[in-house]
>>> print(open('coords-v4.txt').read())   # compact mmCIF, C-alpha atoms
# COMPACT_ATOMS: atom_id res chain seq x y z
CA MET Q 238 11.91 3.81 42.15
CA SER Q 239 14.27 1.44 43.99
CA ARG Q 240 15.37 2.16 47.55
CA MET Q 241 19.12 2.58 47.20
CA GLN Q 242 21.31 3.47 50.13
CA ALA Q 243 22.89 6.90 50.15
CA ILE Q 244 25.28 8.90 52.26
CA LEU Q 245 26.36 12.54 52.28
CA ALA Q 246 29.84 13.15 53.69
CA LEU Q 247 31.39 16.56 54.34
CA GLU Q 248 35.12 17.22 54.24
CA ASP Q 249 35.12 17.87 58.00
CA GLY Q 250 34.07 14.24 58.57
CA THR Q 251 30.37 14.87 59.22
CA THR Q 252 28.10 12.29 57.57
CA PHE Q 253 24.36 11.99 56.92
CA SER Q 254 22.57 8.83 55.76
CA GLY Q 255 19.45 8.66 53.60
CA HIS Q 256 17.87 7.14 50.52
CA GLY Q 257 19.26 7.31 47.00
CA LEU Q 258 17.62 9.55 44.42
CA GLY Q 259 18.41 9.70 40.71
CA ALA Q 260 21.52 7.95 39.40
CA PRO Q 261 23.69 5.59 41.48
CA GLY Q 262 27.33 6.54 41.88
CA ALA Q 263 29.42 9.24 43.53
CA SER Q 264 29.18 13.03 43.15
CA VAL Q 265 31.48 15.61 44.73
CA GLY Q 266 31.20 19.37 44.99
CA GLU Q 267 30.73 22.34 47.28
CA VAL Q 268 27.69 21.80 49.55
CA VAL Q 269 25.38 24.82 49.71
CA PHE Q 270 21.80 25.37 50.90
CA ASN Q 271 18.92 27.14 49.14
CA THR Q 272 16.00 28.47 51.19
CA ALA Q 273 13.48 28.85 48.32
CA MET Q 274 10.19 26.99 48.83
CA THR Q 275 9.55 26.53 45.09
CA GLY Q 276 11.47 26.34 41.83
CA TYR Q 277 13.53 23.16 42.25
CA GLN Q 278 13.69 22.57 38.50
CA GLU Q 279 14.93 26.11 37.88
CA ILE Q 280 17.58 25.57 40.56
CA LEU Q 281 18.71 22.25 39.10
CA THR Q 282 19.10 23.71 35.60
CA ASP Q 283 20.72 27.01 36.66
CA PRO Q 284 24.34 26.90 35.36
CA SER Q 285 25.39 29.01 38.38
CA TYR Q 286 25.16 25.80 40.46
CA ALA Q 287 27.85 24.01 38.44
CA GLY Q 288 30.29 22.27 40.78
CA GLN Q 289 27.89 22.31 43.75
CA LEU Q 290 25.76 19.86 45.76
CA VAL Q 291 22.52 21.73 46.44
CA THR Q 292 20.56 21.33 49.67
CA LEU Q 293 16.92 22.44 49.47
CA THR Q 294 15.59 23.46 52.88
CA THR Q 295 11.91 23.19 51.99
CA SER Q 296 10.33 19.97 53.32
CA HIS Q 297 8.86 18.39 50.18
CA VAL Q 298 10.64 18.42 46.83
CA GLY Q 299 9.43 16.78 43.63
CA ASN Q 300 5.66 17.07 44.14
CA THR Q 301 4.98 18.67 40.75
CA GLY Q 302 7.51 16.75 38.65
CA VAL Q 303 9.41 18.53 35.89
CA ASN Q 304 8.61 19.90 32.45
CA GLN Q 305 10.56 21.29 29.52
CA ALA Q 306 9.18 24.86 29.75
CA ASP Q 307 10.54 25.49 33.27
CA ALA Q 308 14.16 24.54 32.52
CA GLU Q 309 16.66 27.41 32.71
CA SER Q 310 19.18 25.63 30.46
CA PHE Q 311 19.51 22.48 28.39
CA ARG Q 312 20.64 20.23 31.27
CA VAL Q 313 21.06 19.83 35.02
CA HIS Q 314 24.19 21.70 36.11
CA CYS Q 315 24.48 21.02 39.84
CA LYS Q 316 26.54 17.97 40.81
CA GLY Q 317 23.97 16.56 43.22
CA LEU Q 318 20.69 17.19 45.08
CA ILE Q 319 20.02 16.92 48.83
CA ILE Q 320 16.41 16.97 50.12
CA ARG Q 321 14.35 16.11 53.19
CA GLN Q 322 11.46 14.17 51.68
CA TYR Q 323 10.67 12.87 48.21
CA PRO Q 324 6.93 12.38 47.46
CA ARG Q 325 5.47 9.02 46.55
CA ARG Q 326 3.37 10.58 43.81
CA THR Q 327 3.89 13.39 41.29
CA SER Q 328 0.80 15.57 40.77
CA SER Q 329 0.63 18.41 38.23
CA TRP Q 330 -1.08 18.84 34.88
CA ARG Q 331 2.20 20.32 33.58
CA SER Q 332 4.39 17.41 34.70
CA GLU Q 333 6.23 15.51 31.95
CA MET Q 334 8.57 13.44 34.14
CA SER Q 335 9.21 12.70 37.81
CA LEU Q 336 12.11 14.39 39.57
CA HIS Q 337 13.76 11.00 40.19
CA ASP Q 338 13.58 10.08 36.49
CA TYR Q 339 14.81 13.55 35.53
CA LEU Q 340 17.91 13.18 37.71
CA LEU Q 341 18.43 9.65 36.39
CA HIS Q 342 18.15 10.89 32.80
CA HIS Q 343 20.86 13.50 33.44
CA GLN Q 344 22.99 11.06 35.49
CA ILE Q 345 22.79 13.18 38.65
CA SER Q 346 22.92 11.56 42.10
CA GLY Q 347 20.75 12.75 44.94
CA ILE Q 348 19.90 11.87 48.52
CA SER Q 349 16.58 12.16 50.38
CA GLY Q 350 15.44 11.37 53.88
CA LEU Q 351 18.12 13.27 55.79
CA ASP Q 352 17.71 16.14 58.25
CA THR Q 353 18.27 19.17 56.02
CA ARG Q 354 17.66 21.54 58.95
CA THR Q 355 20.64 20.09 60.84
CA LEU Q 356 22.77 20.18 57.68
CA THR Q 357 21.84 23.82 57.01
CA ILE Q 358 22.69 24.87 60.56
CA HIS Q 359 26.02 23.06 60.24
CA LEU Q 360 26.82 24.91 57.00
CA ARG Q 361 25.78 28.27 58.47
CA GLU Q 362 28.03 27.77 61.48
CA ASN Q 363 31.00 26.22 59.68
CA GLY Q 364 30.65 27.62 56.17
CA ALA Q 365 30.06 25.97 52.80
CA GLN Q 366 32.45 23.06 52.33
CA ASN Q 367 33.11 20.26 49.92
CA GLY Q 368 31.12 17.07 50.18
CA CYS Q 369 30.35 13.77 48.50
CA ILE Q 370 27.03 12.05 47.76
CA LEU Q 371 27.47 8.29 47.45
CA VAL Q 372 24.49 6.27 46.16
CA GLY Q 373 24.33 2.48 45.68
CA ASP Q 374 23.44 -0.89 47.13
CA GLU Q 375 26.28 -0.44 49.63
CA VAL Q 376 27.94 2.83 50.65
CA ASP Q 377 31.19 3.36 52.56
CA PRO Q 378 31.32 6.49 54.78
CA ASP Q 379 35.13 6.51 54.86
CA GLN Q 380 35.26 6.42 51.06
CA ALA Q 381 32.78 9.31 50.85
CA ILE Q 382 34.77 11.43 53.33
CA ALA Q 383 37.98 10.77 51.41
CA MET Q 384 36.35 11.81 48.12
CA ALA Q 385 34.95 14.97 49.71
CA ARG Q 386 38.43 15.95 50.92
CA GLU Q 387 39.92 15.37 47.48
CA CYS Q 388 37.40 17.64 45.75
CA GLU Q 389 38.83 20.81 44.17
CA PRO Q 390 37.78 23.99 46.06
CA MET Q 391 35.56 26.56 44.39
CA THR Q 392 38.03 29.41 44.92
CA GLY Q 393 40.26 29.85 41.89
CA ARG Q 394 38.03 27.87 39.50
CA ASP Q 395 36.90 29.32 36.18
CA LEU Q 396 33.66 27.43 35.56
CA ALA Q 397 32.05 30.02 33.28
CA SER Q 398 33.97 28.85 30.23
CA GLN Q 399 32.92 25.26 30.96
CA VAL Q 400 29.14 25.81 30.97
CA CYS Q 401 28.75 28.31 28.12
CA ILE Q 402 27.75 27.69 24.51
CA SER Q 403 30.47 26.96 21.95
CA GLU Q 404 29.26 29.17 19.07
CA PRO Q 405 27.17 32.38 18.82
CA GLN Q 406 23.41 31.82 18.73
CA PRO Q 407 20.44 34.14 18.17
CA TRP Q 408 17.65 34.22 20.75
CA GLU Q 409 14.09 35.38 19.96
CA GLU Q 410 11.95 33.72 22.65
CA GLY Q 411 10.17 35.90 25.22
CA THR Q 412 8.64 34.81 28.54
CA PHE Q 413 6.23 31.88 28.68
CA GLN Q 414 2.53 32.80 28.72
CA LEU Q 415 0.85 30.08 30.76
CA ASP Q 416 -2.68 31.02 29.66
CA ARG Q 417 -1.72 30.67 25.99
CA GLY Q 418 0.84 27.89 26.34
CA GLU Q 419 3.37 29.76 24.22
CA PHE Q 420 6.35 32.11 24.48
CA ARG Q 421 5.89 35.85 24.00
CA ALA Q 422 7.16 37.58 20.84
CA THR Q 423 8.07 41.29 20.99
CA ARG Q 424 9.24 43.83 18.40
CA ALA Q 425 12.94 44.58 18.92
CA VAL Q 426 14.14 48.17 19.39
CA CYS Q 427 17.84 47.38 19.95
CA HIS Q 428 20.45 44.65 19.49
CA VAL Q 429 22.09 43.20 22.61
CA VAL Q 430 24.99 40.78 22.67
CA CYS Q 431 24.92 38.54 25.73
CA TYR Q 432 28.17 37.06 27.01
CA ASP Q 433 27.22 33.56 28.17
CA PHE Q 434 29.01 32.85 31.44
CA GLY Q 435 26.22 30.39 32.35
CA VAL Q 436 23.15 32.37 31.34
CA LYS Q 437 19.66 31.47 32.54
CA ARG Q 438 17.03 31.41 29.81
CA ASN Q 439 14.71 33.77 31.66
CA ILE Q 440 17.32 36.55 31.50
CA LEU Q 441 17.20 36.23 27.72
CA ARG Q 442 13.40 36.04 27.72
CA LEU Q 443 13.01 39.21 29.77
CA LEU Q 444 15.45 41.04 27.53
CA VAL Q 445 13.27 40.04 24.57
CA ASP Q 446 10.18 41.26 26.46
CA ALA Q 447 11.99 44.57 27.02
CA GLY Q 448 12.54 44.99 23.28
CA CYS Q 449 15.95 43.45 22.61
CA ARG Q 450 17.12 41.39 19.67
CA LEU Q 451 19.69 39.01 21.13
CA THR Q 452 22.87 37.31 20.05
CA VAL Q 453 24.39 35.02 22.69
CA VAL Q 454 28.16 34.46 22.47
CA PRO Q 455 30.56 32.16 24.37
CA ALA Q 456 32.36 33.40 27.47
CA LYS Q 457 35.70 33.68 25.67
CA TRP Q 458 34.36 35.17 22.43
CA PRO Q 459 36.88 37.84 21.28
CA LEU Q 460 35.75 41.43 21.69
CA ASP Q 461 36.57 42.34 18.07
CA LYS Q 462 34.11 39.65 16.94
CA VAL Q 463 31.51 41.02 19.37
CA MET Q 464 31.95 44.49 17.88
CA GLU Q 465 31.48 43.06 14.38
CA LEU Q 466 27.93 42.21 15.51
CA LYS Q 467 27.33 45.97 16.08
CA PRO Q 468 25.77 45.67 19.53
CA ASP Q 469 23.75 48.52 21.00
CA GLY Q 470 24.49 47.04 24.42
CA VAL Q 471 26.16 44.06 26.10
CA MET Q 472 24.68 41.79 28.78
CA LEU Q 473 27.07 40.06 31.17
CA SER Q 474 25.23 36.97 32.36
CA ASN Q 475 25.16 35.04 35.59
CA GLY Q 476 27.41 32.01 35.97
CA PRO Q 477 29.28 29.70 38.35
CA GLY Q 478 32.64 29.76 40.08
CA ASP Q 479 35.17 32.38 41.08
CA PRO Q 480 35.13 35.59 38.99
CA GLU Q 481 38.81 36.46 39.48
CA PRO Q 482 40.26 33.70 37.20
CA CYS Q 483 38.09 34.97 34.30
CA GLY Q 484 40.73 37.40 33.06
CA TYR Q 485 39.51 37.07 29.46
CA ALA Q 486 36.11 38.48 30.52
CA ILE Q 487 37.55 41.23 32.74
CA ASP Q 488 39.76 42.48 29.88
CA ALA Q 489 36.83 42.49 27.43
CA ILE Q 490 34.59 44.38 29.86
CA ARG Q 491 37.29 46.94 30.53
CA GLU Q 492 37.45 47.62 26.78
CA LEU Q 493 33.65 47.85 26.55
CA LEU Q 494 33.71 50.51 29.27
CA GLU Q 495 36.39 52.46 27.42
CA ARG Q 496 34.23 52.38 24.28
CA ASN Q 497 31.14 53.54 26.24
CA ILE Q 498 29.10 50.51 25.18
CA PRO Q 499 26.10 50.11 27.54
CA VAL Q 500 26.72 47.17 29.88
CA PHE Q 501 24.45 45.35 32.34
CA GLY Q 502 25.92 42.63 34.58
CA ILE Q 503 23.90 40.09 36.58
CA CYS Q 504 25.39 37.95 39.39
CA LEU Q 505 28.77 36.75 38.06
CA GLY Q 506 28.47 39.44 35.37
CA HIS Q 507 28.06 42.05 38.11
CA GLN Q 508 31.20 40.76 39.84
CA LEU Q 509 33.18 40.79 36.58
CA LEU Q 510 32.03 44.35 35.88
CA ALA Q 511 33.23 45.42 39.33
CA LEU Q 512 36.61 43.74 38.80
CA ALA Q 513 36.97 45.46 35.42
CA ALA Q 514 36.25 48.78 37.13
CA GLY Q 515 39.01 48.22 39.71
CA ALA Q 516 37.19 46.62 42.67
CA ARG Q 517 37.88 43.27 44.39
CA THR Q 518 35.74 40.22 45.09
CA MET Q 519 35.70 37.87 48.08
CA LYS Q 520 34.54 34.35 48.93
CA MET Q 521 31.52 34.37 51.26
CA LYS Q 522 31.15 32.06 54.26
CA PHE Q 523 28.08 30.24 52.91
CA GLY Q 524 26.83 32.54 50.16
CA HIS Q 525 23.31 33.66 49.34
CA HIS Q 526 20.99 31.04 47.84
CA GLY Q 527 17.24 31.55 48.05
CA ALA Q 528 14.16 33.44 46.88
CA ASN Q 529 13.35 35.52 49.96
CA HIS Q 530 16.29 37.93 50.29
CA PRO Q 531 15.42 41.58 51.03
CA VAL Q 532 17.58 44.10 49.18
CA LYS Q 533 17.44 47.88 49.61
CA ASP Q 534 17.57 50.24 46.64
CA LEU Q 535 19.91 52.94 47.97
CA ASP Q 536 18.54 55.60 45.60
CA THR Q 537 14.85 55.21 46.43
CA GLY Q 538 14.90 53.44 49.81
CA GLN Q 539 12.58 50.77 48.43
CA VAL Q 540 13.01 47.23 49.78
CA LEU Q 541 12.93 44.56 47.08
CA ILE Q 542 12.36 40.83 47.57
CA THR Q 543 14.98 39.06 45.48
CA SER Q 544 16.25 35.70 44.33
CA GLN Q 545 19.92 35.06 45.09
CA ASN Q 546 22.52 32.50 44.09
CA HIS Q 547 26.18 33.35 44.64
CA GLY Q 548 29.12 32.28 46.77
CA PHE Q 549 31.32 35.28 45.93
CA ALA Q 550 30.59 38.99 46.40
CA VAL Q 551 32.07 42.36 45.51
CA ASP Q 552 33.96 43.93 48.44
CA GLU Q 553 32.26 47.32 48.85
CA ASP Q 554 35.29 48.73 50.70
CA SER Q 555 37.35 48.16 47.54
CA LEU Q 556 35.12 50.21 45.21
CA PRO Q 557 36.99 53.00 43.40
CA ALA Q 558 35.55 56.50 43.75
CA HIS Q 559 33.83 56.34 40.36
CA VAL Q 560 31.93 53.12 41.20
CA MET Q 561 28.79 53.82 43.21
CA PRO Q 562 26.83 51.28 45.29
CA THR Q 563 23.15 51.12 44.31
CA HIS Q 564 21.75 48.15 46.27
CA ARG Q 565 22.59 46.47 49.58
CA SER Q 566 21.48 43.21 51.22
CA LEU Q 567 19.38 43.64 54.36
CA PHE Q 568 20.44 40.17 55.51
CA ASP Q 569 24.15 40.86 55.95
CA GLY Q 570 24.86 44.28 54.40
CA THR Q 571 26.80 42.92 51.43
CA LEU Q 572 26.88 44.90 48.20
CA GLN Q 573 24.10 44.04 45.75
CA GLY Q 574 24.39 46.59 42.96
CA ILE Q 575 26.69 49.14 41.34
CA ARG Q 576 26.75 51.82 38.66
CA ILE Q 577 29.82 53.39 37.11
CA GLU Q 578 29.85 57.18 37.07
CA GLY Q 579 30.26 58.65 33.60
CA LYS Q 580 29.68 55.27 31.94
CA PRO Q 581 26.48 53.51 30.76
CA ALA Q 582 27.17 50.53 33.02
CA MET Q 583 25.36 48.89 35.92
CA GLY Q 584 25.44 45.59 37.77
CA PHE Q 585 23.11 43.69 40.09
CA GLN Q 586 24.18 40.78 42.30
CA GLY Q 587 20.80 39.05 42.62
CA HIS Q 588 18.69 37.48 39.91
CA PRO Q 589 16.18 40.01 38.52
CA GLU Q 590 14.89 37.42 36.05
CA ALA Q 591 13.36 35.38 38.91
CA SER Q 592 9.99 36.26 40.43
CA PRO Q 593 9.94 36.08 44.24
CA GLY Q 594 8.59 39.66 44.55
CA PRO Q 595 7.13 38.68 42.07
CA HIS Q 596 8.23 41.48 39.70
CA ASP Q 597 10.18 43.86 41.93
CA LEU Q 598 13.28 43.86 39.74
CA ARG Q 599 11.80 43.80 36.23
CA PRO Q 600 12.46 47.58 35.91
CA LEU Q 601 16.20 46.82 35.75
CA PHE Q 602 15.75 45.39 32.26
CA ALA Q 603 13.76 48.46 31.17
CA ARG Q 604 16.48 50.66 32.67
CA PHE Q 605 19.10 48.83 30.61
CA VAL Q 606 17.11 49.46 27.40
CA GLU Q 607 16.67 53.13 28.35
CA MET Q 608 20.42 53.33 28.91
CA ILE Q 609 20.96 51.87 25.43
CA GLU Q 610 18.50 54.26 23.79
CA GLY Q 611 20.30 57.22 25.35
CA SER Q 612 23.78 56.08 24.32
CA SER Q 613 25.93 56.94 21.33
CA ALA Q 614 26.24 53.22 20.50
CA HIS Q 615 22.51 53.04 19.76
CA SER Q 616 22.59 56.18 17.59
CA LEU Q 617 25.24 54.49 15.44
CA ASN Q 618 22.98 51.42 15.01
CA PRO Q 619 19.46 52.85 14.62
CA ASP Q 620 18.01 49.90 12.72
CA PRO Q 621 17.96 46.70 14.87
>>> encode(input="coords-v4.txt", output="structure tokens")
Amino acid sequence: MSRMQAILALEDGTTFSGHGLGAPGASVGEVVFNTAMTGYQEILTDPSYAGQLVTLTTSHVGNTGVNQADAESFRVHCKGLIIRQYPRRTSSWRSEMSLHDYLLHHQISGISGLDTRTLTIHLRENGAQNGCILVGDEVDPDQAIAMARECEPMTGRDLASQVCISEPQPWEEGTFQLDRGEFRATRAVCHVVCYDFGVKRNILRLLVDAGCRLTVVPAKWPLDKVMELKPDGVMLSNGPGDPEPCGYAIDAIRELLERNIPVFGICLGHQLLALAAGARTMKMKFGHHGANHPVKDLDTGQVLITSQNHGFAVDEDSLPAHVMPTHRSLFDGTLQGIRIEGKPAMGFQGHPEASPGPHDLRPLFARFVEMIEGSSAHSLNPDP
């Protein structure tokens, strides 16, 4: 690994110098920070990070390399990676490639050797902002600042339609069983269509574990074609960007609610469900990105440790009377979950497919299947 120069420049003129990681060149995007201590490969391949430069606050990143089984999608989706220290040696029996080579393979630029604590404090105080990573033999701070200021803001951007699949695909793979080195297979009890707004593979795997036969469709797939698949329920996946420009999804969800089709929304899907039900969303100051976020279940009082990755949130004050809050963040009080009275529909802002708790939120998938089994849609399609 060569020692290239690298610089991170923020749109407010703040700059940080370090060492190049991955591919040489320039990358621009919204700079955010993630407080998780593990899971860097899952973060890199999470489509929800499209358009963003991700800062990892943990000290050492890359120690265990990367492997195919831990990827949450088919490629790296973030625009760049920012870390404190890159290890000299990769050490794991599961490693198939170093982090540096992985970034290079996907043509992603990164920077190491900068003070991520100072950067994180700066973002917390001033809010997430656009930035530029410049990697090469020579780097120009003024050029990097100019590129950061020219970057398109996240607000108003429909990124879901840019990261989704192009044609419907079946999915049969359950969660990975490390002791057996294979993915779980489970008998299906219902058929779920998943709208791909940037879906993570583990959402699909946990749905399979819960007894679902899956068909994944593109973000803009017409609702009449979805109904031709005779779904017992519809999953609204996670994804990147601003939910409000996704009018095609909001209209489809509104129709699903009118037809009483069971719906479960995660992250962006949760926000789209809320918009379809008449609520509003808002841009957060620096968002929630991490694997240590406490969330309270308002029905039971239980505190759940959750994984989070979002820069927008549903405005709880805008909820119509028939939309009930079900979960709330204990970090800042923002809304984390909803259910719609009189409809088989629920949403959760965090990522229940992740495992920081480690399994605090797995019951949400079982609840979705129970909701399907109790619905009229499932009685019309008894044979999955």
>>> closest_residue(input="coords-v4.txt", among="Q:Ser264, Q:Gln305, Q:Val560, Q:Pro390", to="Glu578 of chain Q", atoms="all atoms listed in the file")
Q:Val560
>>> closest_residue(input="coords-v4.txt", among="Q:Gly259, Q:Gly484, Q:Gly476, Q:Pro531", to="Lys457 of chain Q", atoms="only C-alpha atoms")
Q:Gly484
>>> residues_around(input="coords-v4.txt", residues="Leu535 of chain Q", least_positions_apart="6", cutoff="8 Å", atoms="only C-alpha atoms", output="list of chain:residue names")
Q:Pro562, Q:Thr563, Q:His564, Q:Arg565
>>> residues_around(input="coords-v4.txt", residues="segment 364-381 of chain Q", least_positions_apart="6", cutoff="7 Å", atoms="all atoms listed in the file", output="list in words")
Met241, Gln242, Ala243, Ile244, Leu245, Ala246, Leu247, Glu248, Gly257, Pro261, Gly262, Ala263, Ser264, Val265, Gly266, Glu267, Val268, Val269, Ser346, Gly347, Cys388, Lys522 and Phe523 of chain Q
>>> residues_around(input="coords-v4.txt", residues="segment 440-445 of chain Q", least_positions_apart="3", cutoff="6 Å", atoms="only C-alpha atoms", output="PyMOL selection string")
chain Q and resi 410-412+437+448-449+590
>>> decode(input="coords-v4.txt", residues="segment 326-403 of chain Q", atoms="C-alpha atoms", output="short mmCIF file (atom, residue, chain, number, x, y, z; two decimals), in the first residue's frame")
data_model
loop_
_atom_site.label_atom_id
_atom_site.label_comp_id
_atom_site.auth_asym_id
_atom_site.auth_seq_id
_atom_site.Cartn_x
_atom_site.Cartn_y
_atom_site.Cartn_z
CA ARG Q 326 -1.70 -6.14 8.99
CA THR Q 327 -5.07 -7.80 8.39
CA SER Q 328 -5.78 -10.72 10.73
CA SER Q 329 -8.89 -12.92 10.48
CA TRP Q 330 -9.53 -16.45 9.28
CA ARG Q 331 -12.56 -15.09 7.39
CA SER Q 332 -10.67 -12.34 5.57
CA GLU Q 333 -10.63 -12.53 1.76
CA MET Q 334 -9.20 -9.08 1.02
CA SER Q 335 -7.76 -6.08 2.85
CA LEU Q 336 -9.91 -3.01 3.38
CA HIS Q 337 -7.52 -0.91 1.25
CA ASP Q 338 -7.75 -3.36 -1.66
CA TYR Q 339 -11.53 -3.57 -1.25
CA LEU Q 340 -11.88 0.22 -1.55
CA LEU Q 341 -9.47 0.21 -4.49
CA HIS Q 342 -11.47 -2.54 -6.20
CA HIS Q 343 -14.66 -0.47 -5.89
CA GLN Q 344 -12.86 2.79 -6.81
CA ILE Q 345 -13.67 4.44 -3.47
CA SER Q 346 -11.31 7.04 -1.96
CA GLY Q 347 -10.57 7.15 1.73
CA ILE Q 348 -8.40 9.00 4.22
CA SER Q 349 -6.70 7.74 7.38
CA GLY Q 350 -4.50 9.32 10.01
CA LEU Q 351 -6.70 12.30 10.87
CA ASP Q 352 -8.26 13.23 14.21
CA THR Q 353 -11.75 11.75 13.88
CA ARG Q 354 -12.65 12.91 17.40
CA THR Q 355 -12.11 16.56 16.42
CA LEU Q 356 -14.03 16.03 13.17
CA THR Q 357 -16.95 14.41 15.01
CA ILE Q 358 -17.16 17.23 17.54
CA HIS Q 359 -17.11 19.72 14.67
CA LEU Q 360 -19.99 17.93 12.93
CA ARG Q 361 -22.00 17.67 16.16
CA GLU Q 362 -21.63 21.39 16.81
CA ASN Q 363 -22.09 22.61 13.24
CA GLY Q 364 -24.18 19.83 11.69
CA ALA Q 365 -23.51 17.41 8.85
CA GLN Q 366 -22.17 19.25 5.82
CA ASN Q 367 -20.77 18.53 2.42
CA GLY Q 368 -17.12 17.67 2.06
CA CYS Q 369 -14.46 16.45 -0.34
CA ILE Q 370 -11.80 13.74 0.03
CA LEU Q 371 -8.85 14.38 -2.28
CA VAL Q 372 -6.24 11.60 -2.61
CA GLY Q 373 -3.08 11.69 -4.74
CA ASP Q 374 0.62 12.45 -4.95
CA GLU Q 375 -0.23 16.14 -4.49
CA VAL Q 376 -3.43 17.59 -3.03
CA ASP Q 377 -4.69 21.18 -3.16
CA PRO Q 378 -6.78 22.31 -0.14
CA ASP Q 379 -8.38 25.17 -2.07
CA GLN Q 380 -9.49 22.76 -4.80
CA ALA Q 381 -10.97 20.40 -2.21
CA ILE Q 382 -12.90 23.22 -0.49
CA ALA Q 383 -14.26 24.41 -3.83
CA MET Q 384 -15.42 20.89 -4.72
CA ALA Q 385 -17.08 20.48 -1.32
CA ARG Q 386 -19.03 23.71 -1.82
CA GLU Q 387 -20.18 22.62 -5.28
CA CYS Q 388 -21.57 19.31 -4.01
CA GLU Q 389 -25.36 18.88 -4.28
CA PRO Q 390 -27.07 18.92 -0.84
CA MET Q 391 -28.83 15.82 0.45
CA THR Q 392 -32.16 17.61 0.94
CA GLY Q 393 -34.38 17.20 -2.10
CA ARG Q 394 -32.45 14.24 -3.57
CA ASP Q 395 -34.19 11.02 -4.55
CA LEU Q 396 -31.38 8.48 -4.22
CA ALA Q 397 -33.60 5.43 -3.66
CA SER Q 398 -34.31 4.99 -7.35
CA GLN Q 399 -30.57 5.19 -8.09
CA VAL Q 400 -29.44 2.34 -5.82
CA CYS Q 401 -32.26 -0.18 -6.33
CA ILE Q 402 -32.37 -3.22 -8.61
CA SER Q 403 -33.65 -2.80 -12.17
#
